[in-house]
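Text of model30.cif, listed as mmCIF, C-alpha atoms and all ligand atoms:
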data_input
loop_
_atom_site.label_atom_id
_atom_site.label_comp_id
_atom_site.auth_asym_id
_atom_site.auth_seq_id
_atom_site.Cartn_x
_atom_site.Cartn_y
_atom_site.Cartn_z
CA MET A 147 0.00 0.00 0.00
CA THR A 148 1.19 3.51 -0.80
CA LYS A 149 2.48 5.55 2.10
CA SER A 150 2.04 8.79 0.16
CA PHE A 151 -0.82 11.21 0.50
CA PRO A 152 -2.27 12.68 -2.68
CA ASP A 153 -1.10 16.02 -4.03
CA GLY A 154 -3.09 18.80 -2.45
CA PHE A 155 -3.78 16.83 0.74
CA ARG A 156 -4.15 19.46 3.47
CA TRP A 157 -2.33 19.32 6.80
CA GLY A 158 -3.50 21.48 9.67
CA VAL A 159 -3.76 21.42 13.43
CA SER A 160 -6.60 21.89 15.96
CA THR A 161 -7.06 23.53 19.35
CA SER A 162 -9.95 25.01 21.30
CA SER A 163 -10.44 28.25 23.21
CA TYR A 164 -11.21 27.13 26.76
CA GLN A 165 -8.57 24.43 26.62
CA ILE A 166 -5.66 26.76 25.84
CA GLU A 167 -6.50 30.45 26.18
CA GLY A 168 -6.53 31.22 29.90
CA GLY A 169 -6.84 34.97 30.36
CA ALA A 170 -10.06 34.28 32.23
CA LYS A 171 -10.17 37.60 34.01
CA ASP A 172 -8.67 39.66 31.21
CA ASP A 173 -10.23 42.41 29.19
CA GLY A 174 -13.89 41.94 29.97
CA ARG A 175 -14.31 38.26 29.20
CA GLY A 176 -17.58 36.91 30.62
CA ALA A 177 -17.99 33.65 32.49
CA SER A 178 -18.60 30.39 30.65
CA ILE A 179 -20.30 27.21 31.76
CA TRP A 180 -16.88 25.61 32.09
CA ASP A 181 -15.82 28.23 34.64
CA THR A 182 -18.87 27.28 36.68
CA TYR A 183 -18.39 23.56 36.20
CA CYS A 184 -14.72 23.72 37.24
CA ALA A 185 -15.63 25.73 40.33
CA THR A 186 -18.03 22.98 41.44
CA PRO A 187 -16.15 20.67 43.82
CA GLY A 188 -15.60 17.14 42.53
CA ARG A 189 -16.30 17.89 38.89
CA VAL A 190 -12.76 18.24 37.51
CA ALA A 191 -9.66 16.26 38.49
CA ASN A 192 -7.48 18.05 41.03
CA GLY A 193 -9.87 21.00 41.03
CA ASP A 194 -8.18 22.21 37.82
CA ASP A 195 -9.72 24.92 35.66
CA GLY A 196 -9.02 26.84 32.47
CA SER A 197 -8.28 30.20 34.06
CA VAL A 198 -4.64 30.10 32.92
CA ALA A 199 -4.47 26.93 30.80
CA CYS A 200 -1.64 27.40 28.24
CA ASP A 201 -1.82 31.18 28.56
CA HIS A 202 -2.38 31.26 24.82
CA TYR A 203 -4.22 34.55 25.27
CA HIS A 204 -0.81 36.14 25.83
CA ARG A 205 1.45 33.66 24.01
CA TRP A 206 -0.54 33.21 20.81
CA ALA A 207 2.28 34.49 18.56
CA GLU A 208 4.68 31.83 19.84
CA ASP A 209 1.98 29.19 19.32
CA LEU A 210 1.32 30.29 15.75
CA ASP A 211 5.08 30.03 15.11
CA LEU A 212 4.92 26.43 16.33
CA ILE A 213 2.10 25.70 13.87
CA LYS A 214 4.03 27.27 11.04
CA GLY A 215 7.14 25.32 12.10
CA LEU A 216 5.13 22.14 11.72
CA GLY A 217 4.52 22.97 8.07
CA ALA A 218 0.74 23.08 8.53
CA THR A 219 -1.28 25.22 6.16
CA HIS A 220 -4.43 25.70 8.20
CA TYR A 221 -5.38 26.08 11.82
CA ARG A 222 -8.72 25.17 13.41
CA PHE A 223 -9.24 27.31 16.48
CA SER A 224 -12.43 28.26 18.32
CA ILE A 225 -13.92 31.48 19.56
CA MET A 226 -14.85 31.76 23.22
CA TRP A 227 -18.38 33.15 22.98
CA PRO A 228 -18.28 34.95 26.39
CA ARG A 229 -15.02 36.65 25.40
CA VAL A 230 -16.75 38.47 22.56
CA MET A 231 -20.27 38.67 24.07
CA PRO A 232 -19.92 38.45 27.85
CA GLU A 233 -23.66 38.05 28.41
CA GLY A 234 -24.12 35.85 25.35
CA THR A 235 -26.39 38.38 23.66
CA GLY A 236 -26.35 42.15 23.24
CA LYS A 237 -23.24 44.05 24.25
CA VAL A 238 -20.09 43.24 22.32
CA ASN A 239 -16.71 43.11 24.07
CA GLU A 240 -14.51 44.93 21.55
CA THR A 241 -11.29 43.83 23.27
CA GLY A 242 -12.32 40.23 22.76
CA ILE A 243 -13.01 40.83 19.07
CA ASP A 244 -9.62 42.56 18.78
CA PHE A 245 -7.90 39.53 20.26
CA TYR A 246 -9.34 37.20 17.64
CA SER A 247 -8.75 39.74 14.92
CA ARG A 248 -5.03 39.90 15.82
CA LEU A 249 -4.93 36.13 16.04
CA ILE A 250 -6.39 35.75 12.56
CA ASP A 251 -4.01 38.36 11.13
CA GLY A 252 -1.17 36.46 12.79
CA MET A 253 -2.28 33.29 10.98
CA LEU A 254 -2.45 35.02 7.63
CA GLU A 255 1.01 36.56 8.14
CA ARG A 256 2.36 33.05 8.67
CA GLY A 257 0.58 31.55 5.67
CA LEU A 258 -1.99 29.68 7.79
CA ASP A 259 -5.62 29.54 6.67
CA PRO A 260 -7.92 30.41 9.58
CA TRP A 261 -10.55 27.72 10.21
CA LEU A 262 -12.89 29.34 12.69
CA CYS A 263 -14.99 27.11 14.93
CA LEU A 264 -17.96 28.93 16.45
CA TYR A 265 -18.55 26.62 19.37
CA HIS A 266 -16.22 24.30 21.24
CA TRP A 267 -18.23 24.03 24.44
CA ASP A 268 -17.73 27.34 26.28
CA LEU A 269 -21.29 28.67 26.41
CA PRO A 270 -21.72 31.99 28.25
CA GLN A 271 -22.93 31.24 31.77
CA ALA A 272 -25.46 34.07 31.34
CA LEU A 273 -27.17 32.01 28.63
CA GLN A 274 -27.07 28.86 30.74
CA ASP A 275 -28.94 30.86 33.36
CA ARG A 276 -31.66 31.32 30.74
CA GLY A 277 -31.81 27.58 29.97
CA GLY A 278 -28.80 27.30 27.68
CA TRP A 279 -29.13 24.72 24.92
CA THR A 280 -32.48 23.53 26.25
CA ASN A 281 -34.08 26.91 25.45
CA ARG A 282 -35.20 27.14 21.84
CA ASP A 283 -34.33 30.84 21.88
CA ILE A 284 -30.75 29.71 21.52
CA VAL A 285 -31.31 29.44 17.79
CA ASP A 286 -31.65 33.24 17.68
CA TRP A 287 -28.85 33.81 20.18
CA PHE A 288 -26.52 31.61 18.15
CA GLY A 289 -27.60 33.31 14.94
CA ASP A 290 -26.76 36.74 16.38
CA TYR A 291 -23.42 35.52 17.69
CA THR A 292 -22.60 34.10 14.25
CA GLU A 293 -23.65 37.34 12.57
CA LEU A 294 -21.27 39.27 14.84
CA LEU A 295 -18.31 37.05 13.97
CA VAL A 296 -19.09 36.94 10.28
CA THR A 297 -19.35 40.70 10.00
CA ARG A 298 -16.27 41.42 12.13
CA LEU A 299 -13.91 38.58 11.20
CA GLY A 300 -15.44 36.94 8.15
CA ASP A 301 -13.38 38.82 5.57
CA ARG A 302 -10.34 36.75 6.60
CA VAL A 303 -11.82 33.37 7.56
CA LYS A 304 -11.15 30.59 5.02
CA SER A 305 -13.43 27.92 6.48
CA TRP A 306 -16.14 27.88 9.12
CA VAL A 307 -16.94 25.12 11.55
CA THR A 308 -20.27 25.64 13.30
CA PHE A 309 -19.90 23.05 16.06
CA ASN A 310 -17.25 20.87 17.51
CA GLU A 311 -18.82 17.59 18.62
CA PRO A 312 -22.50 18.46 19.11
CA ASN A 313 -23.11 14.87 20.24
CA VAL A 314 -20.75 15.39 23.18
CA VAL A 315 -22.52 18.64 24.05
CA ALA A 316 -25.88 16.86 24.10
CA TRP A 317 -25.06 13.46 25.59
CA VAL A 318 -22.04 14.07 27.80
CA GLY A 319 -23.10 17.55 28.93
CA HIS A 320 -26.84 17.00 29.36
CA GLU A 321 -27.41 13.26 29.77
CA GLU A 322 -24.29 11.89 31.47
CA GLY A 323 -23.40 15.16 33.21
CA ARG A 324 -19.67 14.52 32.88
CA HIS A 325 -19.21 17.84 31.08
CA ALA A 326 -20.57 21.33 31.67
CA PRO A 327 -23.32 22.16 32.36
CA GLY A 328 -23.43 18.84 34.22
CA ILE A 329 -27.10 18.01 33.57
CA THR A 330 -28.34 14.41 33.77
CA ASP A 331 -31.68 14.58 31.99
CA PRO A 332 -32.07 12.35 28.91
CA ARG A 333 -35.18 14.18 27.73
CA ALA A 334 -33.46 17.56 27.97
CA ALA A 335 -30.46 16.07 26.13
CA MET A 336 -32.70 15.12 23.19
CA ARG A 337 -34.07 18.64 23.08
CA VAL A 338 -30.53 19.99 23.14
CA ALA A 339 -29.57 17.73 20.22
CA HIS A 340 -32.40 19.13 18.13
CA HIS A 341 -31.53 22.73 19.04
CA LEU A 342 -27.89 22.13 18.13
CA ASN A 343 -29.00 20.93 14.70
CA LEU A 344 -31.22 23.97 14.27
CA CYS A 345 -28.33 26.21 15.30
CA HIS A 346 -25.99 24.56 12.82
CA ALA A 347 -28.46 25.29 10.05
CA ARG A 348 -29.07 28.87 11.20
CA ALA A 349 -25.34 29.63 11.43
CA THR A 350 -24.72 28.10 8.01
CA ARG A 351 -27.33 30.40 6.50
CA VAL A 352 -25.92 33.45 8.25
CA ILE A 353 -22.42 32.71 6.95
CA LYS A 354 -23.61 31.89 3.43
CA ASN A 355 -25.65 35.06 3.35
CA HIS A 356 -22.41 37.04 3.58
CA TYR A 357 -19.92 34.64 2.00
CA PRO A 358 -21.71 32.16 -0.26
CA ASP A 359 -18.49 30.54 -1.47
CA VAL A 360 -16.69 30.06 1.82
CA PRO A 361 -16.88 26.43 3.03
CA VAL A 362 -18.98 25.65 6.10
CA GLY A 363 -19.17 22.34 7.93
CA PHE A 364 -19.54 20.82 11.36
CA VAL A 365 -17.33 18.44 13.26
CA LEU A 366 -18.61 15.12 14.57
CA PRO A 367 -16.69 12.51 16.54
CA MET A 368 -18.18 9.44 14.92
CA HIS A 369 -18.60 6.36 17.03
CA LYS A 370 -18.51 2.85 15.64
CA GLY A 371 -20.18 0.43 18.02
CA TYR A 372 -18.83 -3.05 18.82
CA THR A 373 -20.15 -5.84 21.00
CA LEU A 374 -17.93 -7.68 23.45
CA PRO A 375 -16.70 -10.96 21.95
CA HIS A 376 -18.57 -13.13 24.47
CA ARG A 377 -21.84 -11.20 24.01
CA ARG A 378 -21.80 -10.93 20.23
CA GLU A 379 -25.19 -12.54 19.68
CA GLN A 380 -27.08 -11.12 22.66
CA ASP A 381 -25.99 -7.51 22.03
CA ALA A 382 -25.76 -7.31 18.24
CA HIS A 383 -29.17 -5.62 17.95
CA LEU A 384 -27.93 -2.67 20.04
CA ILE A 385 -25.30 -1.47 17.61
CA ASP A 386 -27.67 0.32 15.23
CA LEU A 387 -29.37 2.18 18.06
CA PHE A 388 -26.02 3.15 19.57
CA GLU A 389 -24.79 4.51 16.23
CA ALA A 390 -28.10 6.26 15.59
CA LYS A 391 -27.71 8.05 18.92
CA TRP A 392 -24.09 9.13 18.44
CA ASN A 393 -23.94 9.65 14.68
CA GLY A 394 -27.34 9.55 13.01
CA VAL A 395 -29.04 12.14 15.24
CA PHE A 396 -26.57 14.73 13.95
CA LEU A 397 -25.84 13.49 10.42
CA ASP A 398 -29.23 12.33 9.15
CA PRO A 399 -31.21 15.56 9.58
CA VAL A 400 -28.48 17.65 7.98
CA TYR A 401 -27.83 15.28 5.06
CA TYR A 402 -31.32 13.85 4.58
CA GLY A 403 -33.77 16.05 6.47
CA ARG A 404 -34.92 13.28 8.81
CA TYR A 405 -33.97 11.68 12.11
CA PRO A 406 -33.07 7.99 12.33
CA GLU A 407 -36.19 5.88 12.70
CA LEU A 408 -34.77 4.14 15.75
CA ILE A 409 -34.83 7.34 17.80
CA ILE A 410 -37.70 9.26 16.23
CA ASP A 411 -40.05 8.65 19.18
CA ARG A 412 -37.53 10.24 21.52
CA ILE A 413 -36.90 13.36 19.46
CA GLU A 414 -40.33 13.95 17.94
CA PRO A 415 -41.73 15.92 20.92
CA HIS A 416 -39.11 18.61 20.29
CA ILE A 417 -39.65 19.03 16.55
CA GLN A 418 -41.80 21.88 15.24
CA ASP A 419 -43.25 22.32 11.76
CA GLY A 420 -40.58 23.24 9.24
CA ASP A 421 -37.65 22.24 11.47
CA LEU A 422 -36.46 19.32 9.38
CA GLU A 423 -36.64 21.31 6.17
CA ALA A 424 -34.62 24.03 7.89
CA ILE A 425 -31.97 21.66 9.21
CA LYS A 426 -31.27 19.99 5.87
CA THR A 427 -28.33 22.03 4.64
CA LYS A 428 -25.56 21.50 2.17
CA VAL A 429 -22.40 20.50 4.00
CA ASP A 430 -19.32 21.76 2.18
CA PHE A 431 -17.11 19.44 4.20
CA GLN A 432 -17.61 17.00 7.03
CA GLY A 433 -15.26 17.37 9.97
CA LEU A 434 -14.52 13.95 11.43
CA ASN A 435 -12.95 13.41 14.84
CA GLN A 436 -12.03 9.85 15.73
CA TYR A 437 -10.11 8.33 18.61
CA PHE A 438 -11.32 4.86 19.68
CA PRO A 439 -13.79 2.01 19.10
CA SER A 440 -16.90 2.04 21.31
CA TYR A 441 -17.62 -1.24 23.02
CA ILE A 442 -21.11 -1.53 24.42
CA GLN A 443 -23.23 -4.05 26.26
CA ALA A 444 -26.88 -4.39 27.21
CA ALA A 445 -28.07 -2.39 30.19
CA GLU A 446 -31.36 -2.42 32.03
CA GLY A 447 -33.19 0.41 33.71
CA ALA A 448 -31.15 3.15 32.02
CA ALA A 449 -32.21 5.79 29.48
CA TRP A 450 -30.84 3.61 26.69
CA PRO A 451 -30.75 -0.19 26.57
CA PHE A 452 -26.93 -0.19 26.38
CA LYS A 453 -23.97 1.11 28.30
CA HIS A 454 -20.27 1.54 27.58
CA ALA A 455 -18.13 -1.53 28.18
CA GLN A 456 -14.40 -1.91 28.64
CA PRO A 457 -12.82 -2.93 25.33
CA PRO A 458 -11.19 -6.37 25.21
CA ASN A 459 -7.74 -6.63 26.74
CA TYR A 460 -5.98 -7.37 23.48
CA PHE A 461 -6.07 -3.68 22.55
CA ARG A 462 -3.26 -1.34 23.45
CA ARG A 463 -4.69 1.74 25.17
CA THR A 464 -3.91 5.38 25.57
CA GLU A 465 -3.69 7.09 28.95
CA MET A 466 -7.41 7.86 28.66
CA GLY A 467 -8.00 4.09 28.65
CA TRP A 468 -9.14 4.38 25.03
CA ALA A 469 -8.44 1.34 22.86
CA ILE A 470 -6.12 2.02 19.93
CA ASP A 471 -7.73 0.75 16.74
CA GLY A 472 -6.93 2.24 13.36
CA ASP A 473 -9.45 -0.11 11.78
CA CYS A 474 -12.29 1.58 13.66
CA PHE A 475 -11.10 4.92 12.27
CA TYR A 476 -11.16 3.36 8.78
CA GLN A 477 -14.73 2.13 9.39
CA THR A 478 -16.01 5.61 10.28
CA MET A 479 -14.55 7.06 7.08
CA LYS A 480 -16.27 4.26 5.16
CA ILE A 481 -19.62 5.05 6.83
CA LEU A 482 -19.39 8.61 5.50
CA GLN A 483 -18.42 7.29 2.09
CA ASP A 484 -21.12 4.63 1.86
CA ASP A 485 -24.04 6.08 3.82
CA TYR A 486 -23.71 9.84 3.43
CA GLY A 487 -22.82 10.31 -0.23
CA ASN A 488 -19.03 10.46 0.20
CA PRO A 489 -18.75 14.12 1.27
CA PRO A 490 -15.37 15.89 1.33
CA VAL A 491 -14.00 14.97 4.76
CA PHE A 492 -11.38 16.66 6.87
CA ILE A 493 -10.10 14.75 9.85
CA THR A 494 -10.41 17.56 12.36
CA GLU A 495 -9.13 15.67 15.40
CA ASN A 496 -7.21 12.49 16.05
CA GLY A 497 -4.50 11.72 18.57
CA GLY A 498 -3.73 10.18 21.92
CA ALA A 499 -2.89 11.02 25.51
CA PHE A 500 0.26 9.26 26.67
CA THR A 501 2.57 9.42 29.66
CA ASP A 502 5.10 11.93 28.45
CA ILE A 503 8.04 11.88 30.80
CA PRO A 504 10.64 14.52 29.93
CA LYS A 505 14.21 13.19 29.83
CA ALA A 506 16.99 14.90 31.81
CA ASN A 507 17.55 17.24 28.87
CA GLY A 508 13.84 18.09 28.77
CA GLN A 509 13.16 16.21 25.51
CA ILE A 510 10.10 13.98 25.21
CA ASP A 511 10.52 10.85 23.15
CA ASP A 512 6.84 9.95 22.75
CA GLN A 513 7.19 6.89 20.55
CA ASP A 514 3.78 5.57 21.64
CA ARG A 515 2.13 8.68 20.19
CA ILE A 516 4.13 8.28 16.97
CA ALA A 517 2.98 4.65 16.73
CA TYR A 518 -0.62 5.81 17.25
CA TYR A 519 -0.40 8.41 14.50
CA THR A 520 1.24 5.92 12.15
CA GLU A 521 -1.53 3.36 12.65
CA TYR A 522 -4.31 5.91 12.17
CA LEU A 523 -2.71 7.59 9.15
CA GLU A 524 -2.28 4.16 7.54
CA ALA A 525 -6.00 3.59 8.09
CA LEU A 526 -6.71 6.94 6.45
CA LEU A 527 -4.64 5.96 3.40
CA ARG A 528 -6.55 2.70 3.20
CA ALA A 529 -9.94 4.44 3.22
CA LYS A 530 -8.67 6.98 0.71
CA SER A 531 -7.38 4.24 -1.62
CA GLU A 532 -10.92 2.82 -1.59
CA GLY A 533 -12.42 6.10 -2.70
CA ALA A 534 -13.30 7.87 0.57
CA ASP A 535 -13.01 11.59 -0.14
CA ILE A 536 -10.59 12.51 2.67
CA ARG A 537 -9.10 15.93 1.99
CA GLY A 538 -6.97 16.69 5.03
CA TYR A 539 -5.84 15.85 8.54
CA MET A 540 -5.45 17.84 11.77
CA PRO A 541 -3.87 16.11 14.74
CA TRP A 542 -5.26 16.76 18.20
CA SER A 543 -3.62 18.72 19.48
CA LEU A 544 -0.94 21.33 19.00
CA LEU A 545 -0.36 21.75 22.74
CA ASP A 546 -0.91 19.81 25.92
CA ASN A 547 -3.98 21.50 27.32
CA PHE A 548 -6.92 21.46 29.70
CA GLU A 549 -8.54 18.08 29.05
CA TRP A 550 -11.97 18.92 30.45
CA ALA A 551 -12.98 16.75 33.42
CA TYR A 552 -9.47 15.25 33.45
CA GLY A 553 -7.92 18.66 34.08
CA TYR A 554 -4.24 18.81 33.15
CA GLU A 555 -3.53 15.15 33.88
CA LYS A 556 -3.87 13.97 30.32
CA ARG A 557 -1.54 15.27 27.64
CA PHE A 558 -2.48 15.14 23.96
CA GLY A 559 -0.02 17.70 22.56
CA LEU A 560 2.61 17.51 19.87
CA VAL A 561 4.18 20.18 22.03
CA HIS A 562 4.73 19.70 25.76
CA VAL A 563 3.60 22.52 28.03
CA ASP A 564 5.19 23.04 31.43
CA TYR A 565 2.24 24.54 33.28
CA THR A 566 4.48 26.19 35.87
CA THR A 567 6.72 28.08 33.47
CA GLN A 568 4.53 27.89 30.34
CA LYS A 569 7.60 26.70 28.43
CA ARG A 570 6.71 24.93 25.20
CA THR A 571 8.87 21.95 24.15
CA PRO A 572 8.12 20.16 20.88
CA LYS A 573 7.97 16.40 21.42
CA ALA A 574 9.39 13.70 19.12
CA SER A 575 5.86 13.42 17.67
CA TYR A 576 6.07 17.07 16.55
CA ASP A 577 9.20 16.21 14.53
CA PHE A 578 7.49 13.09 13.22
CA MET A 579 4.44 15.09 12.08
CA ARG A 580 6.68 17.76 10.56
CA LYS A 581 8.40 15.09 8.44
CA VAL A 582 5.10 13.53 7.40
CA ILE A 583 3.83 16.93 6.33
CA SER A 584 6.97 17.97 4.48
CA GLN A 585 7.16 14.65 2.59
CA ASN A 586 3.38 14.35 2.28
CA ALA A 587 3.97 10.70 3.13
CA LEU A 588 4.44 8.38 6.06
CA PRO A 589 8.09 7.53 6.72
O1 LIG A 601 -9.78 17.47 24.11
C1 LIG A 601 -10.87 16.93 23.42
C2 LIG A 601 -11.45 17.96 22.47
O2 LIG A 601 -11.81 19.13 23.13
C3 LIG A 601 -12.67 17.40 21.79
N1 LIG A 601 -12.40 16.12 21.21
C4 LIG A 601 -11.73 15.13 22.00
C5 LIG A 601 -10.48 15.72 22.62
C6 LIG A 601 -9.75 14.67 23.48
O3 LIG A 601 -10.58 14.22 24.50
#

Write out the structure in this file as structure tokens.
Amino acid sequence: MTKSFPDGFRWGVSTSSYQIEGGAKDDGRGASIWDTYCATPGRVANGDDGSVACDHYHRWAEDLDLIKGLGATHYRFSIMWPRVMPEGTGKVNETGIDFYSRLIDGMLERGLDPWLCLYHWDLPQALQDRGGWTNRDIVDWFGDYTELLVTRLGDRVKSWVTFNEPNVVAWVGHEEGRHAPGITDPRAAMRVAHHLNLCHARATRVIKNHYPDVPVGFVLPMHKGYTLPHRREQDAHLIDLFEAKWNGVFLDPVYYGRYPELIIDRIEPHIQDGDLEAIKTKVDFQGLNQYFPSYIQAAEGAAWPFKHAQPPNYFRRTEMGWAIDGDCFYQTMKILQDDYGNPPVFITENGGAFTDIPKANGQIDDQDRIAYYTEYLEALLRAKSEGADIRGYMPWSLLDNFEWAYGYEKRFGLVHVDYTTQKRTPKASYDFMRKVISQNALP
């Protein structure tokens, strides 16, 4: 099999605002739901929070240099909504807009295409106080927020991402409660899912209204379900429902204007006349995040008739406990190819947390991360060789950062961050990725 990527294959890198920016008290930024969640005892490991994070708010120029040094040509970053609209609606924080404006100019000066993500989980707390994603008014709030960014920054944005991982927002934030806002209400989570889809469609229209030719997409971490080997027959029927929940609820209405039949009874109460027609929108590219295979088993008495199961022991795992399985990544690309009309796909996140122990000289020889990237990039080449329209790849992530409920314990970066000094040290995986990008091929 070829180890080369096709000419024109795009290499970028991804980060998100709350995970790296810090600057929580600076320049009029409002509070987000993650500030509140982190301040709630027991929610986040070690009581960590994103108030300083990687201090990217002050060190962004150095970070953009690192991206350029990698040889990447585009950068997916996200806007922190409460930094530009502290109350979520109404008054604009000009200093916040200026920050992102400088950041975007900094990208362009370095030859990096700005890929702007509107929402990577840091909802203004003021909107949460009004019901957040469960309140249908959010469609207007999100539309106004999008309008602000399009009119103020849109002249320089090369691609728009409406949402990062709406399924995580709905299910992990509102059903499992393991993410902000920490709600555990399956019915509310369904409502949230529908509102997220409406917001994606609204934002797409707002952007297209100003810039009809600029690509717009959304990013989904697709889950491929597997049964445990000893329960293959008993649990096989659960796979379709599991995938409908994690993938179909967000893909089907956008691509086909309908929800998966297996979940329609759960979502129907939240749908109003005209919603499905509104949600069906042309997707210029599909952002795909993929990390691990999802093993499930039957569960009783829960909101869904399945629960997560530990993957079989024969898998190697990352520090998150996630099984490493390039074949699962391949399968998700094939689902998009076979079931969703083979849209142009950008891998917007992929990577692993590993125990990165600096050597005496400070260097980090993260061979396990390199092996992970090699396996997953080989899977990408395989899907591509079979016709999947994969256009580019963005590792997660540029920097070690605030890994949500895991705080700073888990490190995903190509670049190590010393959280005491804020010193950045590129790891061996950074050099590996730089070589892959410069040769447009795996070594
Ligand atoms: O860090 C997260 C990111 O914010 C969203 N996708 C998964 C990553 C690793 O957990």

Per-residue nearest contacts of chain A to ligand LIG 601 (chain A) (7 Å; all atoms listed in the file) as CSV:
residue,atom,partner,partner_atom,distance
A:Ser162,CA,A:LIG601,O2,6.4
A:Glu311,CA,A:LIG601,C3,6.9
A:Asn435,CA,A:LIG601,N1,6.9
A:Glu495,CA,A:LIG601,N1,6.7
A:Trp542,CA,A:LIG601,C5,6.9
A:Glu549,CA,A:LIG601,O1,5.1
A:Trp550,CA,A:LIG601,O1,6.9

Practice task
Rank A:Thr219, A:Val230, A:Pro406, A:Thr520 by their smallest atom-to-atom distance to Phe155 (chain A), using all atoms listed in the file, and report the top residue only.
Solution key: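 Selected residue with least distance to Phe155 (chain A): A:Thr219.
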
Could you give me, as a Markdown table, every region 291-321 of chain A residue with an atom at most 12 Å from region 413-434 of chain A, plus its closest atom pair and distance in Å to one decimal, counting only C-alpha atoms, rows ordered by chain then number?
| residue | atom | partner | partner_atom | distance |
| --- | --- | --- | --- | --- |
| A:Ser305 | CA | A:Phe431 | CA | 9.5 |
| A:Trp306 | CA | A:Asp430 | CA | 9.8 |
| A:Val307 | CA | A:Gly433 | CA | 8.1 |
| A:Thr308 | CA | A:Gly433 | CA | 10.2 |
| A:Phe309 | CA | A:Gly433 | CA | 9.5 |
| A:Asn310 | CA | A:Gly433 | CA | 8.5 |
| A:Glu311 | CA | A:Leu434 | CA | 9.1 |
| A:Pro312 | CA | A:Gly433 | CA | 11.7 |

Practice task
Might you pull out every residue within 9 Å of Leu560 (chain A), with all atoms listed in the file counted and same-chain residues fewer than 2 positions away left off, and present them as a ChimeraX atom specification?
Solution key: /A:515,541-546,558,562,571-577,579

Problem - Residue with smallest distance to Leu344 (chain A) - pool A:Gln568, A:Gln456, A:Gln585, A:Asn281, counting only C-alpha atoms - result: A:Asn281

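Our summary of the geometry notes that CA of Gly158 (chain A) is positioned 18.6 Å from CA of Tyr246 (chain A).
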
Can you tell me which residues surround region 187-193 of chain A at a distance of at most 7 Å, considering only C-alpha atoms, apart from same-chain residues fewer than 6 positions away, and format the answer as an mmCIF file with C-alpha atoms, in the coordinates of the input?
data_model
loop_
_atom_site.group_PDB
_atom_site.id
_atom_site.type_symbol
_atom_site.label_atom_id
_atom_site.label_comp_id
_atom_site.auth_asym_id
_atom_site.auth_seq_id
_atom_site.Cartn_x
_atom_site.Cartn_y
_atom_site.Cartn_z
ATOM 1 C CA ALA A 551 -12.980 16.750 33.420
ATOM 2 C CA TYR A 552 -9.470 15.250 33.450
ATOM 3 C CA GLY A 553 -7.920 18.660 34.080
#

Exercise for the section: Enter the distance from CA of Tyr164 (chain A) to CA of His202 (chain A), in Å, rounded to one decimal. Expected result: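 Straight-line distance from CA of Tyr164 (chain A) to CA of His202 (chain A) works out to 9.9 Å.
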
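Here CA of Met368 (chain A) and CA of Phe452 (chain A) stand 17.3 Å from one another.
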
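Distance check against Val159 (chain A) using all atoms listed in the file: of A:Arg463, A:His204, A:Lys214, A:His369, the minimum falls on A:Lys214.
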
Exercise for the section: Rank A:Lys354, A:Lys370, A:Lys391, A:His325 by their smallest atom-to-atom distance to Tyr437 (chain A), using all atoms listed in the file, and report the top residue only. Expected result: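 Selected residue with least distance to Tyr437 (chain A): A:Lys370.
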
How would region 562-568 of chain A read, as a compact mmCIF listing (two decimals), keeping the file's coordinate frame, once N, CA, C and O atoms are built in?
# COMPACT_ATOMS: atom_id res chain seq x y z
N HIS A 562 4.89 19.80 24.30
CA HIS A 562 4.73 19.70 25.76
C HIS A 562 4.62 21.11 26.35
O HIS A 562 5.31 22.03 25.93
N VAL A 563 3.72 21.24 27.32
CA VAL A 563 3.60 22.52 28.03
C VAL A 563 3.94 22.29 29.49
O VAL A 563 3.34 21.42 30.14
N ASP A 564 4.89 23.04 29.99
CA ASP A 564 5.19 23.04 31.43
C ASP A 564 4.26 24.08 32.04
O ASP A 564 4.40 25.28 31.80
N TYR A 565 3.28 23.62 32.82
CA TYR A 565 2.24 24.54 33.28
C TYR A 565 2.73 25.51 34.37
O TYR A 565 2.04 26.46 34.70
N THR A 566 3.93 25.24 34.89
CA THR A 566 4.48 26.19 35.87
C THR A 566 5.15 27.35 35.18
O THR A 566 4.95 28.52 35.53
N THR A 567 5.95 27.03 34.15
CA THR A 567 6.72 28.08 33.47
C THR A 567 6.08 28.51 32.15
O THR A 567 6.47 29.50 31.56
N GLN A 568 5.15 27.71 31.67
CA GLN A 568 4.53 27.89 30.34
C GLN A 568 5.53 27.68 29.21
O GLN A 568 5.28 28.08 28.07
